[in-house]
Protein chains: 2
Amino acid sequence: MNELKNDLVLRALKGEKTERVPVWMMRQAGRYLPDYLKLKAKYDFFTRVQTPELATEITLQPIDQVGVDAAIIFSDILVIPQAMGVEVLMEEGKGPSLPNVIKSQQDIDALITDGAEESLKYVTDALSLTKKELNGRVPLIGFAGAPWTILCYMVEGKGSKTWDKAKQFAYTEPQLARQLLQKITNITINYLKAQVKAGADLVQVFDSWAGALSPADFKTFAQPYLVQIADALQHDAPVILFPKGTWYALKDLSQTSAAGLGVDWCVEPKVARELTNNSITLQGNFDPSKLLAPIPEIKKAVKEMIDGFGTQRYIANLGHGIMPNVPVDHAKAFVEAVKEYGL
Amino acid sequence: MNELKNDLVLRALKGEKTERVPVWMMRQAGRYLPDYLKLKAKYDFFTRVQTPELATEITLQPIDQVGVDAAIIFSDILVIPQAMGVEVLMEEGKGPSLPNVIKSQQDIDALITDGAEESLKYVTDALSLTKKELNGRVPLIGFAGAPWTILCYMVEGKGSKTWDKAKQFAYTEPQLARQLLQKITNITINYLKAQVKAGADLVQVFDSWAGALSPADFKTFAQPYLVQIADALQHDAPVILFPKGTWYALKDLSQTSAAGLGVDWCVEPKVARELTNNSITLQGNFDPSKLLAPIPEIKKAVKEMIDGFGTQRYIANLGHGIMPNVPVDHAKAFVEAVKEYGL
């Protein structure tokens with residue numbers, strides 16, 4: 001870590017002073033960059049994910065091209081179900097599908113658990129290679145999906161607006177749901193530890209569909225597993241938890257082993273600070289759709305966002321992944337606006 | 001109103017004492033009831049909506065069959081774009097589509113505004129007929145979509161997870177967006193007044209996609225128009241505002257002319273009471289997916305919900321529309337659990 005030329009993100013997570021606000025964008029590797037789209041036209045999704053040289057190339061693209069303060073490894077949260085022996089298909093433009101959904105005790109018993117993460121060597125290889133290629137320019141972020149979000153896909157079989165099949169499973173078979181969540185948690189902990197060993201300087205856990213749950217159900221089916229992961233990783237690397245849509249949990253989560261919390265754009269920055277009692281590093285929360293606004297509007301909104309969060313213990317980011325239809329100039333304007341703040 | 005045999009919902013909205021918690025379910029007319037599905041097999045969507053006898057029959061079905069304390073007229077929020085001259089197609093199972101989206105000043109200028117609501121006579125006819133058929137059993141609810149949600153469909157052209165086209169329009173052309181929102185607001189006010197005249201005892205305004213906006217953008221593009229509608233209708237009938245996903249606005253909205261506020265399931269009932277300073281009637285907030293849980297789980301969750309909201313100034317409901325795949329027995333169990341509370 002000492003060799004990092006830019007360690008702003010890590011210092012923000014440690015609560016140390018930063019001379020300016022660090023910035024990166026969720027999904028910055030992939031989706032909208034022309035150089036990525038060229039690779040996408042040549043190689044299918046899992047080839048891009050599973051070939052360390054390609055994953056590294058994609059991970060590095062936004063560092064120079066957009067000027068972000070961290071690299072996040074190009075991968076997918078659904079590599080965990082794959083490692084557990086579940087087939088995952090990815091049709092371009094249609095999102096993932098898992099033909100064999102989890103329904104029963106037998107389905108859960110049939111999952112690969114011991115050493116499942118070993119089949120994900122292509123991710124750790126990509127991290128090692130990326131770490132080397134980065135040559136200390138910026139920190140490298142590893143990641144995984146949160147257990148609840150992974151359960152959502154494993155039970156629902158595809159994306160959903162309501163996740164009602166996943167929720168029905170949790171409400172009807174809570175013991176099976178807990179078994180499945182615990183299995184995913186155990187593998188995820190090993191997987192994230194392996195990522196840190198391979199070169200990740202910090203890790204983020206994406207609970208993208210946590211917001212489908214009520215506060216009480218989030219406390220039952222999502223929060224305990226997020227906390228287990230943060231606890232298990234705390235001596236390995238800083239952990240950022242990002243359960244999207246769960247403003248009500250910010251207070252509880254600010255008192256865990258997590259080093260940082262992601263915030264979506266449906267919470268005012270000042271309110272997020274109040275809810276967390278100014279006690280933890282926050283990351284977010286620019287409305288991804290606002291990157292489609294004219295550049296002067298983007299710059300104005302970035303300024304308001306930083307005014308709200310303050311410049312310390314803060315990492316500027318979006319409130320969800322960047323969308324494929326964002327012009328590169330607009331992504332750059334977002335990053336520049338953060339860097340220019342206060343100058 | 002004096003002739004109503006069951007005026008629990010109206011008394012709850014006026015802040016008067018209710019001997020038990022009143023209950024109804026958003027989308028209770030249509031979707032999941034076998035008798036509705038028979039009509040659906042015979043008549044297409046807009047025939048069902050535009051034929052007062054059919055709309056009345058569908059509206060009345062849940063009153064006896066499920067035992068709710070209010071009837072809500074069977075209709076659709078997209079009748080407003082239709083009345084403004086915009087084509088709306090409804091493909092069963094696929095949701096609505098509007099082939100000619102709003103993009104420019106010319107598109108907005110071409111909209112029918114003066115007297116647009118007059119083409120919606122089939123809705124007021126359905127309300128009059130339903131009011132007569134109800135014969136005072138329960139109050140009749142009229143409704144409309146909120147201006148922001150209607151703009152979403154008119155600009156996006158179909159349903160969306162992110163509403164990024166609608167948001168891009170609002171962020172890029174805020175003056176056009178305000179013009180469009182104001183036109184929708186004016187028509188909606190006339191339309192809701194006509195609904196009250198025709199027999200609606202109260203009206204609800206659904207801002208289903210308000211939660212796509214940040215708090216600042218909600219205050220710009222949604223809240224002012226909700227407030228205008230509540231102000232304009234306050235001497236006609238009680239108004240319930242339901243901007244889904246905007247917990248942060250509960251305080252502001254509790255200080256408007258609205259008689260009640262809808263709450264989704266992502267807010268704890270006690271927190272919703274705190275945010276509104278116990279000063280307004282609240283409605284909600286059962287997770288619609290929880291109607292897929294076993295009946296004992298439904299009953300337990302209903303009890304917890306009412307424990308949280310309290311029994312006064314409260315109308316039990318879902319936090320969003322009932323889903324088509326809910327077993328009728330589960331819907332009944334929800335209603336029964338509310339009625340049994342405290343017995």
# chains A, B, ... in the order shown; residues from 1 in each chain; ligands from 1
$ interface_residues --of "chain A" --to "chain B" --cutoff "10 Å" --atoms "only C-alpha atoms" --output "NGL selection string"
:A and (160-173 or 211-218 or 245-248 or 264-269 or 271 or 285-295 or 297-298 or 301 or 323 or 325)
$ write_last_selection --atoms "C-alpha atoms" --output "mmCIF file, in the first residue's frame"
data_model
loop_
_atom_site.group_PDB
_atom_site.id
_atom_site.type_symbol
_atom_site.label_atom_id
_atom_site.label_comp_id
_atom_site.auth_asym_id
_atom_site.auth_seq_id
_atom_site.Cartn_x
_atom_site.Cartn_y
_atom_site.Cartn_z
ATOM 1 C CA SER A 160 -37.067 -8.549 -11.606
ATOM 2 C CA LYS A 161 -38.743 -5.282 -10.678
ATOM 3 C CA THR A 162 -40.310 -6.741 -7.531
ATOM 4 C CA TRP A 163 -38.256 -9.881 -6.766
ATOM 5 C CA ASP A 164 -41.485 -11.435 -5.582
ATOM 6 C CA LYS A 165 -40.374 -15.044 -6.185
ATOM 7 C CA ALA A 166 -37.232 -14.467 -4.128
ATOM 8 C CA LYS A 167 -39.228 -12.752 -1.411
ATOM 9 C CA GLN A 168 -41.922 -15.446 -1.459
ATOM 10 C CA PHE A 169 -39.162 -18.048 -0.943
ATOM 11 C CA ALA A 170 -37.725 -16.079 1.983
ATOM 12 C CA TYR A 171 -41.138 -15.516 3.590
ATOM 13 C CA THR A 172 -42.372 -19.079 3.016
ATOM 14 C CA GLU A 173 -39.162 -21.019 3.676
ATOM 15 C CA GLY A 211 -34.276 -2.094 -1.231
ATOM 16 C CA ALA A 212 -36.956 -4.601 -2.251
ATOM 17 C CA LEU A 213 -37.234 -5.622 1.395
ATOM 18 C CA SER A 214 -39.033 -3.923 4.264
ATOM 19 C CA PRO A 215 -36.796 -2.677 7.085
ATOM 20 C CA ALA A 216 -37.777 -5.687 9.223
ATOM 21 C CA ASP A 217 -37.021 -8.156 6.430
ATOM 22 C CA PHE A 218 -33.752 -6.407 5.592
ATOM 23 C CA GLY A 245 -32.364 1.611 -1.097
ATOM 24 C CA THR A 246 -31.925 1.064 2.630
ATOM 25 C CA TRP A 247 -31.565 4.535 4.093
ATOM 26 C CA TYR A 248 -33.179 3.198 7.275
ATOM 27 C CA ASP A 264 -27.985 5.979 -3.265
ATOM 28 C CA TRP A 265 -29.379 9.249 -4.622
ATOM 29 C CA CYS A 266 -32.672 8.971 -2.759
ATOM 30 C CA VAL A 267 -31.076 10.238 0.448
ATOM 31 C CA GLU A 268 -29.970 13.825 0.866
ATOM 32 C CA PRO A 269 -26.222 13.916 1.631
ATOM 33 C CA VAL A 271 -29.398 13.418 5.991
ATOM 34 C CA ASN A 285 -24.622 9.384 -4.340
ATOM 35 C CA PHE A 286 -24.993 11.018 -7.742
ATOM 36 C CA ASP A 287 -28.155 10.076 -9.654
ATOM 37 C CA PRO A 288 -26.772 7.994 -12.577
ATOM 38 C CA SER A 289 -29.459 9.478 -14.869
ATOM 39 C CA LYS A 290 -28.108 12.945 -14.136
ATOM 40 C CA LEU A 291 -25.004 12.045 -16.159
ATOM 41 C CA LEU A 292 -27.372 12.468 -19.133
ATOM 42 C CA ALA A 293 -27.972 16.128 -18.189
ATOM 43 C CA PRO A 294 -25.985 18.931 -19.855
ATOM 44 C CA ILE A 295 -22.447 19.263 -18.482
ATOM 45 C CA GLU A 297 -25.991 20.819 -14.803
ATOM 46 C CA ILE A 298 -23.722 17.900 -13.914
ATOM 47 C CA ALA A 301 -25.175 18.954 -9.033
ATOM 48 C CA MET A 323 -25.568 3.549 -17.581
ATOM 49 C CA ASN A 325 -25.904 5.456 -22.721
#
$ closest_residue --among "B:Arg20, B:Arg313, B:Lys5, B:Arg48" --to "Leu343 of chain B" --atoms "only C-alpha atoms"
B:Arg20
$ closest_residue --among "A:Met84, A:Val79, A:Leu275, A:Val205" --to "Leu180 of chain A" --atoms "only C-alpha atoms"
A:Met84
$ select_by_dssp --residues "segment 58-285 of chain A" --states "strand (DSSP E or B)" --output "PDB file with N, CA and C atoms, in the first residue's frame"
ATOM      1  N   ALA A  71      -9.354   1.804  -9.344  1.00  0.00           N
ATOM      2  CA  ALA A  71      -9.744   0.831 -10.371  1.00  0.00           C
ATOM      3  C   ALA A  71     -10.625  -0.200  -9.695  1.00  0.00           C
ATOM      4  N   ILE A  72     -11.708  -0.618 -10.345  1.00  0.00           N
ATOM      5  CA  ILE A  72     -12.501  -1.732  -9.814  1.00  0.00           C
ATOM      6  C   ILE A  72     -12.438  -2.854 -10.825  1.00  0.00           C
ATOM      7  N   LEU A  89     -26.531 -17.788 -17.539  1.00  0.00           N
ATOM      8  CA  LEU A  89     -26.425 -17.375 -18.933  1.00  0.00           C
ATOM      9  C   LEU A  89     -26.497 -15.859 -18.995  1.00  0.00           C
ATOM     10  N   MET A  90     -25.760 -15.295 -19.938  1.00  0.00           N
ATOM     11  CA  MET A  90     -25.798 -13.832 -20.080  1.00  0.00           C
ATOM     12  C   MET A  90     -26.070 -13.511 -21.538  1.00  0.00           C
ATOM     13  N   GLU A  91     -27.268 -13.008 -21.805  1.00  0.00           N
ATOM     14  CA  GLU A  91     -27.610 -12.619 -23.161  1.00  0.00           C
ATOM     15  C   GLU A  91     -27.445 -11.114 -23.255  1.00  0.00           C
ATOM     16  N   GLY A  95     -29.713  -9.119 -19.928  1.00  0.00           N
ATOM     17  CA  GLY A  95     -29.423  -9.422 -18.542  1.00  0.00           C
ATOM     18  C   GLY A  95     -29.258 -10.910 -18.313  1.00  0.00           C
ATOM     19  N   PRO A  96     -28.928 -11.276 -17.059  1.00  0.00           N
ATOM     20  CA  PRO A  96     -28.592 -12.666 -16.754  1.00  0.00           C
ATOM     21  C   PRO A  96     -29.836 -13.555 -16.617  1.00  0.00           C
ATOM     22  N   SER A  97     -29.645 -14.830 -16.876  1.00  0.00           N
ATOM     23  CA  SER A  97     -30.700 -15.786 -16.514  1.00  0.00           C
ATOM     24  C   SER A  97     -30.062 -17.053 -15.957  1.00  0.00           C
ATOM     25  N   LEU A 140      -6.790  -0.664  -6.063  1.00  0.00           N
ATOM     26  CA  LEU A 140      -7.585  -1.634  -6.816  1.00  0.00           C
ATOM     27  C   LEU A 140      -8.714  -2.156  -5.914  1.00  0.00           C
ATOM     28  N   ILE A 141      -9.920  -2.095  -6.442  1.00  0.00           N
ATOM     29  CA  ILE A 141     -11.097  -2.514  -5.671  1.00  0.00           C
ATOM     30  C   ILE A 141     -11.550  -3.895  -6.121  1.00  0.00           C
ATOM     31  N   GLY A 142     -11.708  -4.808  -5.158  1.00  0.00           N
ATOM     32  CA  GLY A 142     -12.355  -6.093  -5.420  1.00  0.00           C
ATOM     33  C   GLY A 142     -13.813  -6.004  -5.013  1.00  0.00           C
ATOM     34  N   PHE A 143     -14.616  -6.945  -5.424  1.00  0.00           N
ATOM     35  CA  PHE A 143     -16.030  -6.866  -5.012  1.00  0.00           C
ATOM     36  C   PHE A 143     -16.726  -8.210  -5.082  1.00  0.00           C
ATOM     37  N   ALA A 144     -17.914  -8.223  -4.465  1.00  0.00           N
ATOM     38  CA  ALA A 144     -18.806  -9.376  -4.545  1.00  0.00           C
ATOM     39  C   ALA A 144     -20.230  -8.867  -4.367  1.00  0.00           C
ATOM     40  N   GLY A 145     -21.193  -9.655  -4.813  1.00  0.00           N
ATOM     41  CA  GLY A 145     -22.591  -9.362  -4.518  1.00  0.00           C
ATOM     42  C   GLY A 145     -22.891  -9.750  -3.091  1.00  0.00           C
ATOM     43  N   LYS A 158     -33.778 -14.643 -12.791  1.00  0.00           N
ATOM     44  CA  LYS A 158     -33.472 -13.523 -13.700  1.00  0.00           C
ATOM     45  C   LYS A 158     -33.765 -12.217 -12.962  1.00  0.00           C
ATOM     46  N   LEU A 202      -9.014  -2.749  -1.380  1.00  0.00           N
ATOM     47  CA  LEU A 202     -10.257  -2.646  -0.613  1.00  0.00           C
ATOM     48  C   LEU A 202     -11.295  -3.471  -1.347  1.00  0.00           C
ATOM     49  N   VAL A 203     -12.414  -3.766  -0.678  1.00  0.00           N
ATOM     50  CA  VAL A 203     -13.479  -4.530  -1.347  1.00  0.00           C
ATOM     51  C   VAL A 203     -14.826  -3.862  -1.094  1.00  0.00           C
ATOM     52  N   GLN A 204     -15.711  -4.017  -2.074  1.00  0.00           N
ATOM     53  CA  GLN A 204     -17.072  -3.496  -1.916  1.00  0.00           C
ATOM     54  C   GLN A 204     -18.071  -4.637  -2.069  1.00  0.00           C
ATOM     55  N   VAL A 205     -19.100  -4.611  -1.236  1.00  0.00           N
ATOM     56  CA  VAL A 205     -20.166  -5.616  -1.288  1.00  0.00           C
ATOM     57  C   VAL A 205     -21.433  -4.935  -1.777  1.00  0.00           C
ATOM     58  N   PHE A 206     -21.934  -5.396  -2.926  1.00  0.00           N
ATOM     59  CA  PHE A 206     -23.091  -4.772  -3.578  1.00  0.00           C
ATOM     60  C   PHE A 206     -24.370  -5.510  -3.191  1.00  0.00           C
ATOM     61  N   ASP A 207     -25.243  -4.858  -2.410  1.00  0.00           N
ATOM     62  CA  ASP A 207     -26.556  -5.454  -2.139  1.00  0.00           C
ATOM     63  C   ASP A 207     -27.585  -4.667  -2.960  1.00  0.00           C
ATOM     64  N   VAL A 239     -13.654  -2.448   3.953  1.00  0.00           N
ATOM     65  CA  VAL A 239     -14.860  -2.964   3.299  1.00  0.00           C
ATOM     66  C   VAL A 239     -15.877  -1.834   3.158  1.00  0.00           C
ATOM     67  N   ILE A 240     -16.399  -1.662   1.943  1.00  0.00           N
ATOM     68  CA  ILE A 240     -17.522  -0.740   1.720  1.00  0.00           C
ATOM     69  C   ILE A 240     -18.773  -1.581   1.516  1.00  0.00           C
ATOM     70  N   LEU A 241     -19.799  -1.347   2.325  1.00  0.00           N
ATOM     71  CA  LEU A 241     -21.089  -2.025   2.138  1.00  0.00           C
ATOM     72  C   LEU A 241     -22.015  -1.082   1.375  1.00  0.00           C
ATOM     73  N   PHE A 242     -22.683  -1.621   0.363  1.00  0.00           N
ATOM     74  CA  PHE A 242     -23.622  -0.777  -0.378  1.00  0.00           C
ATOM     75  C   PHE A 242     -24.973  -1.482  -0.575  1.00  0.00           C
ATOM     76  N   PRO A 243     -25.792  -1.455   0.476  1.00  0.00           N
ATOM     77  CA  PRO A 243     -27.142  -1.987   0.311  1.00  0.00           C
ATOM     78  C   PRO A 243     -28.041  -0.878  -0.232  1.00  0.00           C
ATOM     79  N   GLY A 260     -16.713   1.845   5.125  1.00  0.00           N
ATOM     80  CA  GLY A 260     -17.486   2.838   4.387  1.00  0.00           C
ATOM     81  C   GLY A 260     -18.844   2.296   4.004  1.00  0.00           C
ATOM     82  N   LEU A 261     -19.774   3.211   3.744  1.00  0.00           N
ATOM     83  CA  LEU A 261     -21.121   2.830   3.317  1.00  0.00           C
ATOM     84  C   LEU A 261     -21.459   3.556   2.024  1.00  0.00           C
ATOM     85  N   GLY A 262     -21.996   2.800   1.078  1.00  0.00           N
ATOM     86  CA  GLY A 262     -22.513   3.408  -0.138  1.00  0.00           C
ATOM     87  C   GLY A 262     -23.894   3.980   0.116  1.00  0.00           C
ATOM     88  N   VAL A 263     -24.200   5.072  -0.566  1.00  0.00           N
ATOM     89  CA  VAL A 263     -25.487   5.748  -0.389  1.00  0.00           C
ATOM     90  C   VAL A 263     -26.074   5.973  -1.786  1.00  0.00           C
ATOM     91  N   THR A 281     -17.114   6.785   6.837  1.00  0.00           N
ATOM     92  CA  THR A 281     -16.909   7.300   5.486  1.00  0.00           C
ATOM     93  C   THR A 281     -18.115   6.932   4.624  1.00  0.00           C
ATOM     94  N   LEU A 282     -18.625   7.913   3.890  1.00  0.00           N
ATOM     95  CA  LEU A 282     -19.761   7.670   2.996  1.00  0.00           C
ATOM     96  C   LEU A 282     -19.299   7.781   1.547  1.00  0.00           C
ATOM     97  N   GLN A 283     -19.972   7.016   0.691  1.00  0.00           N
ATOM     98  CA  GLN A 283     -19.643   7.003  -0.732  1.00  0.00           C
ATOM     99  C   GLN A 283     -20.923   7.149  -1.555  1.00  0.00           C
ATOM    100  N   GLY A 284     -20.911   8.020  -2.523  1.00  0.00           N
ATOM    101  CA  GLY A 284     -22.075   8.174  -3.391  1.00  0.00           C
ATOM    102  C   GLY A 284     -22.199   9.607  -3.800  1.00  0.00           C
ATOM    103  N   ASN A 285     -23.368  10.040  -4.099  1.00  0.00           N
ATOM    104  CA  ASN A 285     -24.622   9.384  -4.340  1.00  0.00           C
ATOM    105  C   ASN A 285     -25.310  10.014  -5.533  1.00  0.00           C
TER     106      ASN A 285
END
$ closest_residue --among "A:Gln179, A:Gln223, A:Gln61, A:Gln106" --to "Glu133 of chain A" --atoms "only C-alpha atoms"
A:Gln61
$ residues_around --residues "segment 185-191 of chain A" --least-positions-apart "3" --cutoff "8 Å" --atoms "only C-alpha atoms" --output "VMD selection string"
chain A and resid 80 113 to 117 120 144 146 to 147 181 to 182 194 to 195 225 228 to 229 232 to 233
$ residues_around --residues "segment 6-9 of chain B" --least-positions-apart "6" --cutoff "9 Å" --atoms "only C-alpha atoms" --output "list in words"
Lys17, Thr18, Glu19, Arg20, Val21, Pro22, Val23, Trp24, Asp69, Ala70, Gly136, Arg137, Val138, Pro139, Tyr314 and Ile315 of chain B
